[in-house]
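Note sheet for the following structure.
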Amino acid sequence: MSGFSKIDHYLLFHPFEPVIIGVPRGQWKKQNLIDHVRTAMKVELGTLPIYFCALYSIHQDNGGIGSRARAHILSVAEQEMLHLALAGNMLCALDGRQLLYSQAFMPTYPSEILFDKIRMQLAPANKENLECFLKIEAPYLPPPMPPPEPLSFETDMLMAKMAAAPKEEFIPEYHSIGEFYENLEKGIRELAPKHPDLFAHNTSKQLRGSEFFDSKMTVITDEASALEALTTIVDQGEGSIGIPNSHYAIFVDLYQQHKQWVCVDYVEDPSTISYKDKNNVAYHLSLAVDASYCMLLQTLDRCWQGDVTAGPQRKQLLRNIHQLMVAILSPAAHVLVQQKIGSKFAAPCFEFYPQGEKTPLPPQALFEGLKKEIETAQQAAAEAGDKNTADAIGRIAFCLSNFNVI
């Protein structure tokens with residue numbers, strides 16, 4: 001197809017096939033490592049929408065327990081973004097390639113997370129969903145002390161199964177994210193000493209600490225920096241044991257307090273198309289959330305592709321990531337969750353944009369689509385006589401008027 005390289009055409013229009021089988025000791029090859037890192041990107045990307053959706057569901061309460069819960073979930077989501085960026089840097093260093101803004105790669109919901117078969121859904125931050133988060137972030141081995149409030153029988157059985165599972169050199173099938181990352185580490189340690197230039201690619205295209213996440217970001221050039229990046233991913237989130245501020249520890253704390261905040265009652269299994277003809281404001285706001293999310297992913301893709309590797313344009317590209325998250329996507333999602341769909345409320349869907357298509361839009365066209373959805377939502381709110389909603393959307397439109405597309 002015109003405009004896409006042969007490899008990009010394949011990545012865009014062929015279903016992504018994640019790694020599900022372990023690699024025996026002594027049999028790792030560079031392509032195995034690339035396939036594992038691409039799968040890691042899929043895992044990290046898959047958690048972002050469900051965490052953001054849960055965050056937006058919690059009513060703001062002026063610094064109360066709900067606000068603190070939102071802040072904790074936001075910290076987890078931001079770290080998942082860091083993990084995605086670290087995995088992307090590692091893939092770049094391996095001279096591999098994966099597009100995030102791809103209908104074939106972007107997760108859909110409801111679905112099951114790789115390996116664990118845990119249901120992932122766009123739902124509020126309620127007891128049931130927090131239990132799913134605990135299962136997703138559970139260490140490969142359970143921590144020594146369980147949370148004071150018992151989890152469900154299903155969760156207890158899952159943790160017991162994980163504790164009892166033997167750790168073998170040959171893993172016929174991955175059963176947890178922690179197990180997956182543990183084997184990925186083995187692959188790095190096996191291959192890197194044999195191939196000193198394994199990670200010696202595309203240094204200028206990688207995200208740097210001065211651009212993204214400060215000292216937490218790692219530019220990967222060799223075995224040591226690859227293992228450093230992997231340690232950050234594992235210690236902060238999946239597969240960690242005894243790390244006080246790990247995602248698992250944060251969700252244990254939130255689970256114990258879940259009765260102390262109020263959540264928006266989302267529609268079940270939301271989708272953008274389901275809002276059409278039910279609430280025009282919600283429909284176009286949901287399309288705007290989809291478009292801004294896709295633009296965020298596209299911007300990350302462009303960094304790793306090397307569209308702009310240095311200078312003012314690179315800086316602007318990175319500034320756009322922050323502006324998309326803080327001034328556009330998040331405000332649009334907060335207005336969206338206030339929109340009624342029948343007796344319940346709309347939820348952000350984080351779907352591929354444009355709706356019903358498979359071909360990604362160029363940056364300017366994607367931005368114009370985002371502007372159109374915001375303008376249409378604002379007009380629909382004004383026509384419905386909802387001044388507060390129209391004004392809130394108008395503030396997003398103002399931010400878009402100052403957005404610099406690179």
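Chain labels follow the order of the structure tokens: the first chain is A, the next B, and so on; residue numbering restarts at 1 in every chain, and ligands are counted from 1 in their shown order.
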
Mind running segment 87-111 of chain A against segment 117-123 of chain A at 6 Å and telling me each contacting residue's nearest atom pair with the distance in Å (one decimal), counting only C-alpha atoms, chain and number ascending, as a tab-separated table?
residue	atom	partner	partner_atom	distance
A:Tyr109	CA	A:Gln121	CA	5.5
A:Pro110	CA	A:Gln121	CA	4.5
A:Ser111	CA	A:Met120	CA	5.3

Neighbour list for segment 19-36 of chain A as a tab-separated table (two decimals) with N, CA and C atoms, in the first residue's frame, cut-off 8 Å, only C-alpha atoms, skip fewer than 3 positions in-chain:
chain	number	residue	atom	x	y	z
A	39	THR	N	6.09	-8.50	22.46
A	39	THR	CA	5.02	-8.99	23.32
A	39	THR	C	4.96	-8.19	24.62
A	40	ALA	N	6.13	-7.83	25.16
A	40	ALA	CA	6.15	-6.99	26.37
A	40	ALA	C	5.46	-5.65	26.10
A	91	LEU	N	13.41	-2.57	22.00
A	91	LEU	CA	13.15	-3.05	20.65
A	91	LEU	C	13.95	-2.24	19.64
A	94	LEU	N	17.49	-3.30	19.57
A	94	LEU	CA	17.64	-4.59	18.90
A	94	LEU	C	17.44	-4.47	17.38
A	96	GLY	N	14.63	-3.90	16.06
A	96	GLY	CA	13.31	-4.45	15.75
A	96	GLY	C	12.32	-3.33	15.50
A	114	LEU	N	-2.59	-11.51	28.25
A	114	LEU	CA	-1.74	-12.62	27.84
A	114	LEU	C	-1.30	-13.45	29.04
A	115	PHE	N	-1.17	-14.73	28.84
A	115	PHE	CA	-0.62	-15.69	29.80
A	115	PHE	C	-1.61	-16.02	30.92
A	169	GLU	N	13.58	-25.10	33.70
A	169	GLU	CA	14.39	-24.43	32.69
A	169	GLU	C	13.63	-24.31	31.38
A	170	PHE	N	12.90	-25.34	31.02
A	170	PHE	CA	12.08	-25.27	29.82
A	170	PHE	C	10.63	-25.05	30.23
A	171	ILE	N	10.08	-23.90	29.82
A	171	ILE	CA	8.70	-23.57	30.17
A	171	ILE	C	7.85	-23.77	28.92
A	172	PRO	N	7.05	-24.81	28.87
A	172	PRO	CA	6.28	-25.06	27.65
A	172	PRO	C	5.29	-23.96	27.32
A	173	GLU	N	4.77	-23.27	28.34
A	173	GLU	CA	3.82	-22.19	28.10
A	173	GLU	C	3.90	-21.22	29.26
A	174	TYR	N	3.90	-19.92	28.96
A	174	TYR	CA	3.94	-18.92	30.03
A	174	TYR	C	2.58	-18.88	30.73
A	180	PHE	N	6.98	-14.67	32.31
A	180	PHE	CA	7.41	-14.19	31.00
A	180	PHE	C	8.64	-13.30	31.12
A	183	ASN	N	11.87	-15.13	32.04
A	183	ASN	CA	12.50	-15.83	30.93
A	183	ASN	C	13.13	-14.85	29.93
A	184	LEU	N	12.52	-13.67	29.77
A	184	LEU	CA	13.11	-12.64	28.93
A	184	LEU	C	14.49	-12.24	29.46
A	187	GLY	N	16.97	-14.76	28.44
A	187	GLY	CA	17.34	-14.61	27.04
A	187	GLY	C	18.38	-13.52	26.84
A	188	ILE	N	18.22	-12.39	27.54
A	188	ILE	CA	19.19	-11.31	27.45
A	188	ILE	C	20.55	-11.77	27.95
A	190	GLU	N	21.72	-14.74	28.11
A	190	GLU	CA	22.31	-15.78	27.26
A	190	GLU	C	22.88	-15.21	25.97
A	191	LEU	N	22.16	-14.27	25.35
A	191	LEU	CA	22.56	-13.79	24.03
A	191	LEU	C	23.59	-12.67	24.06
A	198	LEU	N	24.61	-6.62	20.25
A	198	LEU	CA	23.20	-7.00	20.20
A	198	LEU	C	22.28	-5.78	20.37

ask   = Nearest to Ser271 of chain A among A:Ile341, A:Ile58, A:Ala392, A:Leu296, with distances taken over only C-alpha atoms: which residue is it?
value = A:Ile341

request  = Extract the full set of helix (DSSP H, G or I) residues from segment 98-303 of chain A according to DSSP on the backbone, and format it as a PyMOL selection string.
outcome  = chain A and resi 127-137+153-164+177-191+203-205+214-216+223-236+247-256+258-260+272-275+280-303

message = So that I can check the surroundings of Ala224 of chain A, please list as a ChimeraX atom specification every protein, DNA and RNA residue that reaches within 10 Å of it, counting only C-alpha atoms and ignoring chain neighbours fewer than 4 positions away.
response = /A:188-189,192,220,228-230

query = Quick one: of A:Leu361, A:Met41, A:Leu370, A:Ala347, who's nearest to Met106 of chain A, counting only C-alpha atoms?
reply =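 Once distances to Met106 of chain A are computed over only C-alpha atoms, the minimum belongs to A:Met41.
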
Within 12 Å of Cys294 of chain A, counting only C-alpha atoms, which residues show up once you throw out same-chain ones fewer than 4 positions away? Write them as an mmCIF file with C-alpha atoms, in the first residue's frame, please.
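As a result, out_3.cif now contains:
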data_model
loop_
_atom_site.group_PDB
_atom_site.id
_atom_site.type_symbol
_atom_site.label_atom_id
_atom_site.label_comp_id
_atom_site.auth_asym_id
_atom_site.auth_seq_id
_atom_site.Cartn_x
_atom_site.Cartn_y
_atom_site.Cartn_z
ATOM 1 C CA LEU A 45 -0.045 -1.182 26.333
ATOM 2 C CA PRO A 49 -6.779 1.889 29.082
ATOM 3 C CA LEU A 99 3.862 0.235 15.521
ATOM 4 C CA LEU A 100 1.607 1.135 18.459
ATOM 5 C CA TYR A 101 -0.871 3.074 16.339
ATOM 6 C CA SER A 102 -2.050 -0.027 14.540
ATOM 7 C CA GLN A 103 -5.513 -1.541 14.503
ATOM 8 C CA PHE A 105 -1.799 -4.207 17.626
ATOM 9 C CA MET A 106 -4.003 -2.004 19.799
ATOM 10 C CA PRO A 107 -5.844 -4.062 22.449
ATOM 11 C CA LEU A 287 -14.301 9.577 19.250
ATOM 12 C CA ALA A 288 -12.133 12.484 20.487
ATOM 13 C CA VAL A 289 -10.686 10.315 23.272
ATOM 14 C CA ASP A 290 -9.986 7.583 20.706
ATOM 15 C CA GLN A 298 1.553 7.694 16.882
ATOM 16 C CA THR A 299 3.841 10.288 18.480
ATOM 17 C CA LEU A 300 5.723 7.549 20.346
ATOM 18 C CA ASP A 301 5.990 5.584 17.095
ATOM 19 C CA ILE A 321 2.894 13.768 24.332
ATOM 20 C CA LEU A 324 -2.118 15.292 24.568
ATOM 21 C CA MET A 325 -2.344 13.540 27.938
ATOM 22 C CA LEU A 329 -7.262 13.252 26.416
ATOM 23 C CA CYS A 349 -13.067 3.259 25.072
ATOM 24 C CA PHE A 350 -9.506 3.866 23.741
ATOM 25 C CA GLU A 351 -10.301 2.437 20.325
ATOM 26 C CA PHE A 352 -8.592 2.744 16.956
ATOM 27 C CA TYR A 353 -9.403 5.947 15.089
ATOM 28 C CA PRO A 354 -10.842 6.443 12.516
ATOM 29 C CA GLN A 355 -13.675 4.189 13.520
ATOM 30 C CA PRO A 360 -3.827 4.811 10.255
ATOM 31 C CA LEU A 361 -4.048 8.482 9.406
ATOM 32 C CA PRO A 362 -1.036 10.744 8.831
ATOM 33 C CA PRO A 363 -0.321 13.112 11.772
ATOM 34 C CA ALA A 365 -5.132 14.231 9.240
ATOM 35 C CA LEU A 366 -5.380 12.560 12.649
ATOM 36 C CA PHE A 367 -5.174 15.955 14.341
ATOM 37 C CA GLY A 369 -10.082 14.384 12.933
ATOM 38 C CA LEU A 370 -9.553 15.075 16.639
#

task = Measuring atom to atom with only C-alpha atoms, identify which of A:Gln79, A:Ser343, A:Asn62, A:Asn279 is nearest to Asp235 of chain A.
result =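 Looking at the shortest contact to Asp235 of chain A, the residue is A:Gln79.
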